[in-house]
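Structure file model.cif with mmCIF, C-alpha atoms:
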data_run
#
loop_
_atom_site.label_atom_id
_atom_site.label_comp_id
_atom_site.auth_asym_id
_atom_site.auth_seq_id
_atom_site.Cartn_x
_atom_site.Cartn_y
_atom_site.Cartn_z
CA MET Y 782 -1.40 -85.15 2.74
CA LYS Y 783 -0.87 -83.08 5.88
CA TYR Y 784 -2.82 -80.36 7.72
CA CYS Y 785 -1.93 -77.22 9.63
CA PRO Y 786 -1.83 -78.03 13.38
CA LYS Y 787 -3.13 -74.53 14.19
CA CYS Y 788 -6.06 -73.91 11.79
CA GLY Y 789 -6.56 -77.34 10.15
CA ASN Y 790 -5.95 -76.02 6.59
CA ARG Y 791 -5.15 -78.75 4.05
CA LEU Y 792 -1.49 -78.61 2.97
CA THR Y 793 0.65 -80.21 0.32
CA THR Y 794 3.87 -82.06 1.06
CA ASN Y 795 5.88 -79.10 -0.27
CA ASP Y 796 4.28 -76.49 2.01
CA LYS Y 797 6.54 -75.15 4.71
CA TYR Y 798 4.16 -72.42 5.89
CA CYS Y 799 0.37 -72.42 6.12
CA ASP Y 800 -0.64 -69.62 3.77
CA LYS Y 801 -3.97 -69.36 5.59
CA CYS Y 802 -2.65 -68.51 9.07
CA GLY Y 803 1.15 -68.23 8.57
CA THR Y 804 2.13 -71.09 10.88
CA ASP Y 805 5.50 -72.81 10.27
CA VAL Y 806 4.53 -76.36 9.25
CA SER Y 807 7.94 -77.52 8.04
CA ASN Y 808 8.15 -80.03 10.91
CA VAL Y 809 4.69 -81.51 10.31
CA THR Y 810 5.06 -84.76 8.37
CA THR Y 811 2.68 -87.18 6.73
CA SER Y 812 4.24 -89.98 8.81
CA GLN Y 813 2.88 -88.33 11.93
CA LEU Y 814 -0.57 -88.51 10.46
CA GLU Y 815 -0.02 -92.13 9.47
CA ASN Y 816 0.98 -92.99 13.05
CA VAL Y 817 -2.19 -91.38 14.35
CA GLN Y 818 -4.27 -93.25 11.79
CA ARG Y 819 -2.50 -96.53 12.69
CA VAL Y 820 -3.30 -96.06 16.39
CA GLN Y 821 -6.91 -95.19 15.52
CA THR Y 822 -7.14 -98.33 13.35
CA ASN Y 823 -5.76 -100.52 16.15
CA ASN Y 824 -8.26 -99.02 18.58
CA VAL Y 825 -11.10 -99.73 16.19
CA GLU Y 826 -9.94 -103.32 15.69
CA THR Y 827 -9.74 -103.82 19.47
CA LYS Y 828 -13.24 -102.43 19.92
CA ASN Y 829 -14.56 -104.65 17.12
CA SER Y 830 -12.98 -107.72 18.75
CA LYS Y 831 -14.66 -106.91 22.07
CA LEU Y 832 -17.96 -106.29 20.29
CA ARG Y 833 -17.84 -109.69 18.55
CA ARG Y 834 -17.04 -111.43 21.83
CA ASN Y 835 -19.96 -109.70 23.59
CA CYS Y 836 -22.31 -110.62 20.74
CA LEU Y 837 -21.33 -114.30 21.04
CA ILE Y 838 -22.06 -114.22 24.76
CA ILE Y 839 -25.47 -112.65 24.17
CA VAL Y 840 -26.36 -115.21 21.49
CA ALA Y 841 -25.40 -118.05 23.80
CA CYS Y 842 -27.62 -116.65 26.56
CA VAL Y 843 -30.57 -116.31 24.20
CA VAL Y 844 -30.19 -119.91 23.04
CA MET Y 845 -30.11 -121.14 26.64
CA LEU Y 846 -33.19 -119.15 27.65
CA THR Y 847 -35.10 -120.28 24.59
CA ALA Y 848 -34.33 -123.93 25.40
CA ALA Y 849 -35.80 -123.35 28.87
CA GLY Y 850 -39.07 -122.33 27.30
CA VAL Y 851 -38.80 -118.57 27.91
CA VAL Y 852 -40.37 -116.55 25.06
CA PHE Y 853 -38.93 -113.04 24.71
CA PHE Y 854 -40.44 -111.77 21.50
CA THR Y 855 -44.21 -111.42 21.74
CA LEU Y 856 -46.58 -109.89 19.23
CA GLN Y 857 -46.90 -106.87 21.46
CA SER Y 858 -43.15 -106.25 21.54
CA GLU Y 859 -43.00 -106.61 17.75
CA ASN Y 860 -45.69 -103.98 17.41
CA MET Y 861 -43.77 -101.68 19.73
CA ASN Y 862 -40.60 -102.11 17.68
CA ASN Y 863 -42.50 -101.41 14.46
CA SER Y 864 -43.87 -98.19 15.93
CA LEU Y 865 -40.44 -96.59 16.51
CA PRO Y 866 -40.48 -92.97 15.21
CA PHE Y 867 -39.22 -92.47 11.65
CA ILE Y 868 -36.90 -89.48 11.26
CA SER Y 869 -37.91 -87.63 8.09
CA ARG Y 870 -35.66 -85.60 5.83
CA LYS Y 871 -37.32 -82.44 7.17
CA GLU Y 872 -36.42 -83.38 10.73
CA LYS Y 873 -32.83 -84.06 9.68
CA THR Y 874 -32.71 -80.65 8.02
CA ASP Y 875 -34.23 -79.01 11.11
CA HIS Y 876 -31.61 -80.65 13.32
CA ALA Y 877 -28.81 -79.39 11.07
CA ALA Y 878 -30.36 -75.91 10.83
CA ALA Y 879 -30.80 -75.72 14.61
CA ARG Y 880 -27.05 -76.31 15.06
CA ILE Y 881 -26.43 -73.17 13.04
CA GLY Y 882 -29.02 -71.10 14.91
CA TYR Y 883 -32.17 -71.35 12.81
CA THR Y 884 -35.51 -71.84 14.55
CA PRO Y 885 -36.58 -75.50 14.26
CA ASN Y 886 -39.69 -76.28 12.19
CA LYS Y 887 -39.61 -72.83 10.58
CA LYS Y 888 -39.81 -72.96 6.79
CA MET Y 889 -36.54 -71.94 5.17
CA SER Y 890 -36.62 -69.04 2.73
CA SER Y 891 -34.82 -68.98 -0.61
CA LYS Y 892 -32.16 -66.75 1.03
CA ASP Y 893 -31.65 -69.31 3.82
CA THR Y 894 -31.36 -72.09 1.25
CA ALA Y 895 -28.88 -70.00 -0.73
CA GLY Y 896 -26.70 -69.54 2.38
CA PHE Y 897 -26.45 -73.31 2.86
CA THR Y 898 -25.98 -73.95 -0.88
CA ILE Y 899 -23.18 -71.39 -1.34
CA ALA Y 900 -21.37 -72.61 1.80
CA TYR Y 901 -21.61 -76.23 0.63
CA ALA Y 902 -20.28 -75.33 -2.84
CA HIS Y 903 -17.30 -73.60 -1.23
CA MET Y 904 -16.63 -76.79 0.78
CA ASN Y 905 -17.37 -79.34 -1.93
CA PHE Y 906 -15.60 -77.64 -4.86
CA PRO Y 907 -12.42 -76.27 -3.22
CA ASP Y 908 -10.51 -76.25 -6.51
CA ASP Y 909 -13.18 -74.42 -8.52
CA SER Y 910 -12.14 -70.77 -8.75
CA ASP Y 911 -15.58 -69.74 -10.08
CA TRP Y 912 -17.38 -71.02 -6.96
CA ALA Y 913 -14.64 -69.52 -4.77
CA GLN Y 914 -15.24 -66.11 -6.33
CA ALA Y 915 -19.00 -66.49 -5.91
CA TYR Y 916 -18.44 -67.30 -2.23
CA ASP Y 917 -16.20 -64.24 -1.79
CA LYS Y 918 -18.76 -61.98 -3.48
CA CYS Y 919 -21.46 -63.36 -1.20
CA GLN Y 920 -19.30 -62.62 1.85
CA MET Y 921 -18.92 -59.03 0.66
CA GLY Y 922 -22.67 -58.66 0.04
CA GLU Y 923 -22.21 -58.33 -3.71
CA LEU Y 924 -23.91 -61.52 -4.90
CA ASP Y 925 -27.33 -61.36 -6.59
CA ILE Y 926 -29.08 -64.63 -7.45
CA SER Y 927 -32.03 -64.89 -9.86
CA SER Y 928 -34.33 -67.91 -10.21
CA TYR Y 929 -35.89 -69.00 -13.49
CA PRO Y 930 -37.98 -71.94 -14.70
CA GLU Y 931 -35.07 -72.71 -17.06
CA TYR Y 932 -31.76 -71.17 -18.03
CA ASN Y 933 -28.96 -71.59 -20.56
CA PHE Y 934 -25.51 -72.06 -18.98
CA GLY Y 935 -23.24 -71.93 -22.01
CA ASP Y 936 -23.85 -75.18 -23.89
CA TYR Y 937 -26.15 -76.57 -21.17
CA ASP Y 938 -29.87 -75.88 -21.27
CA VAL Y 939 -31.18 -76.49 -17.75
CA LYS Y 940 -34.90 -76.82 -17.02
CA ALA Y 941 -36.23 -77.15 -13.48
CA PRO Y 942 -38.66 -79.97 -12.61
CA GLN Y 943 -42.25 -79.09 -11.79
CA GLY Y 944 -42.29 -77.24 -8.49
CA GLY Y 945 -38.58 -76.47 -8.73
CA ALA Y 946 -36.44 -73.60 -9.96
CA VAL Y 947 -33.06 -72.86 -11.54
CA TYR Y 948 -31.03 -70.40 -9.45
CA VAL Y 949 -28.48 -68.40 -11.45
CA VAL Y 950 -25.48 -67.37 -9.35
CA THR Y 951 -23.47 -66.05 -12.32
CA PRO Y 952 -23.95 -66.54 -16.06
CA ASP Y 953 -21.69 -69.62 -15.70
CA LEU Y 954 -22.79 -71.00 -12.33
CA GLY Y 955 -26.04 -72.04 -10.72
CA TYR Y 956 -27.99 -74.70 -8.91
CA VAL Y 957 -31.39 -76.36 -9.26
CA VAL Y 958 -33.76 -76.86 -6.30
CA SER Y 959 -36.21 -79.65 -7.14
CA ASP Y 960 -38.96 -78.40 -4.76
CA VAL Y 961 -38.82 -74.74 -3.77
CA ASN Y 962 -41.84 -75.00 -1.45
CA ASN Y 963 -40.31 -77.88 0.52
CA PRO Y 964 -36.53 -77.38 0.41
CA SER Y 965 -36.08 -79.88 3.28
CA ASP Y 966 -37.17 -82.68 0.94
CA ALA Y 967 -35.58 -81.23 -2.19
CA GLN Y 968 -32.54 -82.25 -4.16
CA ILE Y 969 -29.86 -79.70 -5.09
CA THR Y 970 -28.04 -80.00 -8.40
CA TYR Y 971 -25.02 -77.75 -9.03
CA ILE Y 972 -24.45 -76.45 -12.57
CA ASN Y 973 -21.24 -75.18 -14.16
CA SER Y 974 -21.12 -74.03 -17.79
CA LYS Y 975 -17.68 -75.67 -18.15
CA LYS Y 976 -18.55 -79.02 -16.56
CA GLY Y 977 -22.32 -79.39 -16.79
CA ALA Y 978 -24.41 -80.79 -13.94
CA GLU Y 979 -22.99 -82.39 -10.79
CA LYS Y 980 -24.64 -85.39 -9.12
CA PRO Y 981 -27.77 -84.25 -7.17
CA VAL Y 982 -27.53 -84.13 -3.39
CA TYR Y 983 -30.43 -84.11 -0.94
CA PHE Y 984 -30.71 -80.82 0.91
CA HIS Y 985 -30.80 -82.54 4.31
CA THR Y 986 -27.44 -84.20 3.50
CA LEU Y 987 -26.03 -80.88 2.32
CA ALA Y 988 -27.28 -79.08 5.45
CA LYS Y 989 -25.85 -81.73 7.77
CA LYS Y 990 -22.39 -81.52 6.21
CA VAL Y 991 -22.39 -77.72 6.46
CA ALA Y 992 -23.64 -77.82 10.06
CA HIS Y 993 -20.70 -80.06 11.05
CA SER Y 994 -18.11 -77.96 9.21
CA PRO Y 995 -16.11 -74.82 10.13
CA HIS Y 996 -18.45 -72.90 7.78
CA LYS Y 997 -21.49 -73.35 10.04
CA ASN Y 998 -20.91 -69.93 11.64
CA GLU Y 999 -20.99 -68.22 8.23
CA VAL Y 1000 -24.21 -69.68 6.81
CA ARG Y 1001 -26.66 -67.23 8.37
CA SER Y 1002 -24.45 -64.30 7.39
CA LEU Y 1003 -24.27 -65.53 3.79
CA GLY Y 1004 -28.06 -65.94 3.69
CA LYS Y 1005 -28.60 -62.40 4.92
CA LYS Y 1006 -26.14 -60.84 2.49
CA VAL Y 1007 -27.25 -62.58 -0.71
CA GLU Y 1008 -30.13 -61.20 -2.79
CA VAL Y 1009 -32.50 -63.72 -4.41
CA VAL Y 1010 -34.99 -62.53 -7.03
CA THR Y 1011 -37.60 -64.77 -8.67
CA LYS Y 1012 -38.12 -64.35 -12.41
CA LYS Y 1013 -41.29 -65.69 -14.00
CA THR Y 1014 -39.95 -65.94 -17.54
CA THR Y 1015 -36.79 -67.42 -19.00
CA PRO Y 1016 -34.29 -64.84 -20.32
CA LYS Y 1017 -33.82 -64.79 -24.07
CA LYS Y 1018 -30.65 -66.33 -25.37
CA SER Y 1019 -29.77 -63.08 -27.10
CA ASP Y 1020 -29.86 -61.33 -23.69
CA SER Y 1021 -27.44 -63.91 -22.26
CA GLU Y 1022 -25.11 -63.45 -25.21
CA LEU Y 1023 -25.26 -59.67 -24.80
CA ASN Y 1024 -24.36 -59.97 -21.10
CA SER Y 1025 -21.45 -62.22 -22.01
CA LYS Y 1026 -20.16 -59.77 -24.61
CA THR Y 1027 -20.49 -56.86 -22.19
CA LYS Y 1028 -18.58 -58.83 -19.58
CA SER Y 1029 -15.79 -59.66 -22.04
CA ARG Y 1030 -15.38 -55.96 -22.92
CA ASP Y 1031 -14.93 -55.09 -19.26
CA LYS Y 1032 -11.30 -56.21 -19.11
CA LEU Y 1033 -9.30 -55.91 -15.90
CA SER Y 1034 -6.17 -53.78 -15.82
CA TRP Y 1035 -3.06 -53.18 -13.73
CA ASP Y 1036 -1.03 -50.01 -13.16
CA ASP Y 1037 1.44 -48.35 -10.78
CA ALA Y 1038 -1.31 -47.01 -8.54
CA LYS Y 1039 -2.72 -50.50 -7.99
CA GLU Y 1040 0.79 -51.86 -7.39
CA LYS Y 1041 1.25 -49.20 -4.67
CA GLN Y 1042 -2.07 -50.22 -3.09
CA LEU Y 1043 -1.00 -53.85 -3.12
CA ALA Y 1044 2.37 -53.00 -1.55
CA ASP Y 1045 0.60 -51.15 1.29
CA PHE Y 1046 -1.79 -54.08 1.72
CA MET Y 1047 1.08 -56.59 1.88
CA ASP Y 1048 2.80 -54.49 4.57
CA ASP Y 1049 -0.31 -54.81 6.75
CA PHE Y 1050 -0.79 -58.45 5.78
CA GLY Y 1051 2.82 -59.25 6.68
CA ASP Y 1052 2.37 -57.63 10.09
CA LYS Y 1053 -0.70 -59.80 10.76
CA MET Y 1054 1.14 -62.97 9.67
CA ASP Y 1055 4.41 -61.95 11.38
CA GLN Y 1056 6.18 -62.19 8.03
CA ASP Y 1057 8.26 -59.57 6.20
CA TYR Y 1058 7.57 -59.64 2.43
CA ASP Y 1059 9.88 -58.37 -0.31
CA GLU Y 1060 8.34 -56.97 -3.50
CA TYR Y 1061 9.67 -57.50 -7.01
CA ASN Y 1062 10.53 -53.97 -8.15
CA GLY Y 1063 10.72 -54.64 -11.89
CA ASP Y 1064 14.51 -54.34 -12.05
CA ASP Y 1065 16.61 -56.69 -9.92
CA ALA Y 1066 15.47 -60.32 -9.80
CA LEU Y 1067 13.62 -61.39 -6.67
CA GLU Y 1068 15.47 -64.49 -5.37
CA THR Y 1069 13.93 -66.87 -2.83
CA ASN Y 1070 15.68 -69.01 -0.22
CA ALA Y 1071 15.20 -71.97 -2.57
CA GLY Y 1072 17.21 -70.19 -5.28
CA GLN Y 1073 14.31 -69.33 -7.57
CA LYS Y 1074 14.79 -66.05 -9.40
CA TYR Y 1075 11.59 -64.23 -10.31
CA PRO Y 1076 10.49 -63.34 -12.95
CA ASP Y 1077 13.25 -65.09 -14.98
CA ILE Y 1078 12.09 -68.48 -13.73
CA PHE Y 1079 8.89 -68.21 -15.78
CA GLU Y 1080 10.94 -68.61 -18.93
CA ASP Y 1081 13.14 -71.47 -17.70
CA THR Y 1082 10.91 -73.70 -15.57
CA ASP Y 1083 7.56 -75.48 -15.81
CA PHE Y 1084 4.88 -74.37 -13.36
CA LYS Y 1085 2.35 -76.99 -12.27
CA LEU Y 1086 -0.88 -76.76 -10.30
CA THR Y 1087 -0.58 -78.85 -7.13
CA ASP Y 1088 -4.08 -80.31 -7.37
CA ASP Y 1089 -3.86 -81.91 -10.83
CA ASN Y 1090 -0.12 -81.67 -11.59
CA LYS Y 1091 -0.87 -80.01 -14.93
CA VAL Y 1092 1.59 -77.56 -16.48
CA ILE Y 1093 0.13 -74.06 -16.75
CA ASN Y 1094 0.99 -71.22 -19.14
CA ILE Y 1095 2.20 -68.46 -16.82
CA GLY Y 1096 4.41 -65.41 -17.27
CA TRP Y 1097 5.34 -61.96 -16.04
CA ASP Y 1098 2.87 -59.61 -17.76
CA PRO Y 1099 1.75 -56.56 -15.71
CA GLU Y 1100 0.48 -54.90 -18.90
CA LEU Y 1101 -1.77 -57.91 -19.67
CA LYS Y 1102 -0.70 -58.02 -23.31
CA LYS Y 1103 0.92 -61.45 -23.62
CA ASP Y 1104 -0.63 -64.77 -24.57
CA ASP Y 1105 -0.35 -66.33 -21.10
CA ASP Y 1106 -3.21 -68.01 -19.26
CA TYR Y 1107 -1.93 -66.62 -15.97
CA HIS Y 1108 -0.73 -63.02 -16.29
CA VAL Y 1109 1.49 -62.31 -13.26
CA VAL Y 1110 1.21 -58.61 -12.37
CA SER Y 1111 2.98 -58.57 -8.99
CA ILE Y 1112 5.27 -60.82 -6.89
CA PHE Y 1113 5.93 -60.83 -3.13
CA ASN Y 1114 8.24 -63.22 -1.26
CA TYR Y 1115 8.97 -64.09 2.37
CA ASP Y 1116 12.05 -66.15 3.28
CA GLY Y 1117 11.93 -68.26 6.43
CA ASP Y 1118 14.68 -68.79 8.98
CA SER Y 1119 15.80 -72.15 7.54
CA ASP Y 1120 17.44 -72.96 4.22
CA GLU Y 1121 15.07 -73.14 1.24
CA LEU Y 1122 12.00 -72.16 3.30
CA HIS Y 1123 9.98 -69.46 1.57
CA ILE Y 1124 6.43 -68.45 0.68
CA THR Y 1125 6.04 -66.60 -2.61
CA TYR Y 1126 2.76 -65.04 -3.74
CA LEU Y 1127 2.12 -64.57 -7.46
CA PHE Y 1128 -0.70 -62.09 -8.04
CA CYS Y 1129 -2.29 -62.99 -11.38
CA ILE Y 1130 -5.11 -62.24 -13.78
CA HIS Y 1131 -6.59 -65.52 -15.06
CA ASP Y 1132 -9.66 -65.64 -17.34
CA ASN Y 1133 -10.19 -61.95 -16.56
CA GLN Y 1134 -10.40 -62.76 -12.84
CA PRO Y 1135 -7.97 -61.96 -9.98
CA VAL Y 1136 -6.15 -65.05 -8.70
CA VAL Y 1137 -3.41 -65.39 -6.06
CA LEU Y 1138 -1.06 -68.35 -6.51
CA VAL Y 1139 1.32 -69.46 -3.76
CA ASP Y 1140 4.69 -71.16 -4.30
CA GLN Y 1141 6.52 -72.96 -1.49
CA THR Y 1142 8.61 -75.29 -3.68
CA THR Y 1143 12.00 -76.21 -2.18
CA ASN Y 1144 13.31 -78.84 -4.57
CA GLY Y 1145 12.73 -80.53 -7.93
CA ASP Y 1146 12.87 -79.40 -11.53
CA ASP Y 1147 9.36 -77.87 -11.56
CA VAL Y 1148 7.61 -75.21 -9.50
CA SER Y 1149 4.40 -76.36 -7.82
CA VAL Y 1150 1.77 -73.69 -7.14
CA LYS Y 1151 -1.80 -73.59 -5.83
CA GLU Y 1152 -4.43 -70.94 -5.23
CA THR Y 1153 -4.11 -69.41 -1.77
CA GLU Y 1154 -6.61 -70.41 0.92
CA ASN Y 1155 -6.23 -67.06 2.70
CA ALA Y 1156 -9.52 -65.17 2.34
CA ASP Y 1157 -7.99 -61.80 3.35
CA LEU Y 1158 -5.39 -62.11 0.61
CA LYS Y 1159 -7.93 -63.10 -2.06
CA ASN Y 1160 -10.43 -60.39 -1.10
CA GLY Y 1161 -7.77 -57.70 -0.77
CA PHE Y 1162 -6.30 -58.38 -4.21
CA ALA Y 1163 -9.76 -58.60 -5.80
CA LYS Y 1164 -10.73 -55.20 -4.39
CA ILE Y 1165 -7.55 -53.59 -5.70
CA VAL Y 1166 -7.90 -55.13 -9.18
CA ASN Y 1167 -11.56 -54.11 -9.42
CA GLY Y 1168 -10.83 -50.54 -8.35
CA ASP Y 1169 -12.48 -50.69 -4.91
CA ASP Y 1170 -11.15 -47.71 -2.92
CA SER Y 1171 -12.20 -49.09 0.48
CA ASP Y 1172 -9.64 -50.10 3.08
CA ASN Y 1173 -8.18 -53.31 1.71
CA ALA Y 1174 -6.45 -54.29 4.90
CA ASP Y 1175 -9.68 -54.90 6.77
#

Would you write out, as structure tokens, the structure that this file holds?
Amino acid sequence: MKYCPKCGNRLTTNDKYCDKCGTDVSNVTTSQLENVQRVQTNNVETKNSKLRRNCLIIVACVVMLTAAGVVFFTLQSENMNNSLPFISRKEKTDHAAARIGYTPNKKMSSKDTAGFTIAYAHMNFPDDSDWAQAYDKCQMGELDISSYPEYNFGDYDVKAPQGGAVYVVTPDLGYVVSDVNNPSDAQITYINSKKGAEKPVYFHTLAKKVAHSPHKNEVRSLGKKVEVVTKKTTPKKSDSELNSKTKSRDKLSWDDAKEKQLADFMDDFGDKMDQDYDEYNGDDALETNAGQKYPDIFEDTDFKLTDDNKVINIGWDPELKKDDDYHVVSIFNYDGDSDELHITYLFCIHDNQPVVLVDQTTNGDDVSVKETENADLKNGFAKIVNGDDSDNAD
């Protein structure tokens, strides 16, 4: 595993460019990281050795003083030690919230809690496209969350404990807060209709991790943009099924006008990243520095997701009529200055959702792809697919 030296984005061993900031990372190696870790380990071992030696000296001194009849630990000192202040979960949460800019000791609202919860989900489930899309919608101010006493997420019937609530982010995603009146002491349980319930996490632990992450500057903004509405009654199952059917009828589409919008967006994106992208025009094959020829390669080569190494069903299908899981509607490629270096973006529709896959494979029989970490790219493509006429380059 290696990381971008400029922005810290997690990379795979095949990545030659950071698709988050565009930095050339072809010279960054895992061995460099291992050397750093080895030096850190040696430093820790040296410190531990010094610590053990100091402890032995202290123990020897105590034994000597005790033999001389000096009594150090009196009843009074024991009482003083027992009276040391206990740091509660609320105080831990307040400390974490204060780092982000919240007023200490002020009760957190359901919107505040949602900001922390959405940010943590984005951190903790980096490979879950559903949570990634929920995070993006929240950033754009398009996420509405409803709370219920209980809710049906697909095959999972979720009921909140007494004093808690089930928060529905989408019909397939949600989270349970065990105590809505005291979120600092509550447990948060994430729900996914495909996976069920995750292991509960205390809110103070969640808040601390967010407060020490790069997302700490986004939490307040997320909390302000999200809408949280409390529902007193549980929705009928027939209503949920109706919403699901309505959603399935609202199929995404692709056409020449959207392709033109994407081409204009990629011109601006390339300028920002200092990269010149070529577009597959539908006629001549788009060949990368590594020798891959798109879209012919879809028929001849296995494509695997980097995270789980599973083969995916992917193909060129701008009309969205084939039986593929990933319908590729547009392809853009940038070739680097060195042999085989390239970054190829595959703009896809997957499960009726816009997804941008990135390929930086330089060798091997298979093509390894992953979802892009670049928020501008994801948001821009999503706006174009969904027919948003606003300026996609912003």

Name the residues captured by the PyMOL selection byres ((chain Y and resi 960-969) around 10) when it is applied to the shown file; answer as a compact mmCIF listing (two decimals) with C-alpha atoms, keeping the file's coordinate frame.
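Saved the output as expr20.txt:
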# COMPACT_ATOMS: atom_id res chain seq x y z
CA SER Y 869 -37.91 -87.63 8.09
CA ARG Y 870 -35.66 -85.60 5.83
CA LYS Y 871 -37.32 -82.44 7.17
CA GLU Y 872 -36.42 -83.38 10.73
CA LYS Y 873 -32.83 -84.06 9.68
CA THR Y 874 -32.71 -80.65 8.02
CA ASP Y 875 -34.23 -79.01 11.11
CA LYS Y 888 -39.81 -72.96 6.79
CA MET Y 889 -36.54 -71.94 5.17
CA SER Y 890 -36.62 -69.04 2.73
CA SER Y 891 -34.82 -68.98 -0.61
CA THR Y 894 -31.36 -72.09 1.25
CA THR Y 898 -25.98 -73.95 -0.88
CA ALA Y 941 -36.23 -77.15 -13.48
CA PRO Y 942 -38.66 -79.97 -12.61
CA GLN Y 943 -42.25 -79.09 -11.79
CA GLY Y 944 -42.29 -77.24 -8.49
CA GLY Y 945 -38.58 -76.47 -8.73
CA ALA Y 946 -36.44 -73.60 -9.96
CA VAL Y 947 -33.06 -72.86 -11.54
CA TYR Y 956 -27.99 -74.70 -8.91
CA VAL Y 957 -31.39 -76.36 -9.26
CA VAL Y 958 -33.76 -76.86 -6.30
CA SER Y 959 -36.21 -79.65 -7.14
CA THR Y 970 -28.04 -80.00 -8.40
CA TYR Y 971 -25.02 -77.75 -9.03
CA ILE Y 972 -24.45 -76.45 -12.57
CA GLU Y 979 -22.99 -82.39 -10.79
CA LYS Y 980 -24.64 -85.39 -9.12
CA PRO Y 981 -27.77 -84.25 -7.17
CA VAL Y 982 -27.53 -84.13 -3.39
CA TYR Y 983 -30.43 -84.11 -0.94
CA PHE Y 984 -30.71 -80.82 0.91
CA HIS Y 985 -30.80 -82.54 4.31
CA THR Y 986 -27.44 -84.20 3.50
CA LEU Y 987 -26.03 -80.88 2.32
CA ALA Y 988 -27.28 -79.08 5.45

Which of Y:Lys1164, Y:Lys1159, Y:Asn1062, Y:Gly1096 sits closest to Y:Val1109 [using only C-alpha atoms] =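 Of Y:Lys1164, Y:Lys1159, Y:Asn1062, Y:Gly1096, the one nearest Y:Val1109, counting only C-alpha atoms, is Y:Gly1096.
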
Evaluate the PyMOL selection byres ((chain Y and resi 1044-1052) around 9) here and jot the selected residues down as a VMD selection string.
-> chain Y and resid 1039 to 1043 1053 to 1058 1060 1113 1115 1157 to 1158 1161 to 1162 1172 to 1174

Got a sec: who's within 12 Å of Y:Gly955, counting all atoms listed in the file, leaving out chain neighbours fewer than 3 positions off, as a compact mmCIF listing (two decimals) with C-alpha atoms, in the frame of the given file?
# COMPACT_ATOMS: atom_id res chain seq x y z
CA ALA Y 895 -28.88 -70.00 -0.73
CA THR Y 898 -25.98 -73.95 -0.88
CA ILE Y 899 -23.18 -71.39 -1.34
CA ALA Y 902 -20.28 -75.33 -2.84
CA ASP Y 911 -15.58 -69.74 -10.08
CA TRP Y 912 -17.38 -71.02 -6.96
CA ALA Y 915 -19.00 -66.49 -5.91
CA ASP Y 925 -27.33 -61.36 -6.59
CA ILE Y 926 -29.08 -64.63 -7.45
CA SER Y 927 -32.03 -64.89 -9.86
CA SER Y 928 -34.33 -67.91 -10.21
CA TYR Y 929 -35.89 -69.00 -13.49
CA GLU Y 931 -35.07 -72.71 -17.06
CA TYR Y 932 -31.76 -71.17 -18.03
CA ASN Y 933 -28.96 -71.59 -20.56
CA PHE Y 934 -25.51 -72.06 -18.98
CA GLY Y 935 -23.24 -71.93 -22.01
CA TYR Y 937 -26.15 -76.57 -21.17
CA ASP Y 938 -29.87 -75.88 -21.27
CA VAL Y 939 -31.18 -76.49 -17.75
CA LYS Y 940 -34.90 -76.82 -17.02
CA ALA Y 941 -36.23 -77.15 -13.48
CA ALA Y 946 -36.44 -73.60 -9.96
CA VAL Y 947 -33.06 -72.86 -11.54
CA TYR Y 948 -31.03 -70.40 -9.45
CA VAL Y 949 -28.48 -68.40 -11.45
CA VAL Y 950 -25.48 -67.37 -9.35
CA THR Y 951 -23.47 -66.05 -12.32
CA PRO Y 952 -23.95 -66.54 -16.06
CA VAL Y 958 -33.76 -76.86 -6.30
CA ILE Y 969 -29.86 -79.70 -5.09
CA THR Y 970 -28.04 -80.00 -8.40
CA TYR Y 971 -25.02 -77.75 -9.03
CA ILE Y 972 -24.45 -76.45 -12.57
CA ASN Y 973 -21.24 -75.18 -14.16
CA SER Y 974 -21.12 -74.03 -17.79
CA LYS Y 975 -17.68 -75.67 -18.15
CA LYS Y 976 -18.55 -79.02 -16.56
CA GLY Y 977 -22.32 -79.39 -16.79
CA ALA Y 978 -24.41 -80.79 -13.94
CA GLU Y 979 -22.99 -82.39 -10.79

Could you state the separation of atom CA of Y:Ala1156 and atom CA of Y:Thr804 in Å, given to one decimal place?
-> 15.6 Å

Around (-13.5, -79.5, -0.7), as given in the file, which residues come within 12 Å? Count only C-alpha atoms and list them as an mmCIF file with C-alpha atoms, keeping the file's coordinate frame.
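Result file follows (part_26.cif):
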data_model
loop_
_atom_site.group_PDB
_atom_site.id
_atom_site.type_symbol
_atom_site.label_atom_id
_atom_site.label_comp_id
_atom_site.auth_asym_id
_atom_site.auth_seq_id
_atom_site.Cartn_x
_atom_site.Cartn_y
_atom_site.Cartn_z
ATOM 1 C CA ASN Y 790 -5.950 -76.020 6.590
ATOM 2 C CA ARG Y 791 -5.150 -78.750 4.050
ATOM 3 C CA ALA Y 900 -21.370 -72.610 1.800
ATOM 4 C CA TYR Y 901 -21.610 -76.230 0.630
ATOM 5 C CA ALA Y 902 -20.280 -75.330 -2.840
ATOM 6 C CA HIS Y 903 -17.300 -73.600 -1.230
ATOM 7 C CA MET Y 904 -16.630 -76.790 0.780
ATOM 8 C CA ASN Y 905 -17.370 -79.340 -1.930
ATOM 9 C CA PHE Y 906 -15.600 -77.640 -4.860
ATOM 10 C CA PRO Y 907 -12.420 -76.270 -3.220
ATOM 11 C CA ASP Y 908 -10.510 -76.250 -6.510
ATOM 12 C CA ASP Y 909 -13.180 -74.420 -8.520
ATOM 13 C CA SER Y 910 -12.140 -70.770 -8.750
ATOM 14 C CA TRP Y 912 -17.380 -71.020 -6.960
ATOM 15 C CA ALA Y 913 -14.640 -69.520 -4.770
ATOM 16 C CA LYS Y 990 -22.390 -81.520 6.210
ATOM 17 C CA VAL Y 991 -22.390 -77.720 6.460
ATOM 18 C CA SER Y 994 -18.110 -77.960 9.210
ATOM 19 C CA HIS Y 996 -18.450 -72.900 7.780
ATOM 20 C CA ASP Y 1088 -4.080 -80.310 -7.370
ATOM 21 C CA GLU Y 1154 -6.610 -70.410 0.920
#
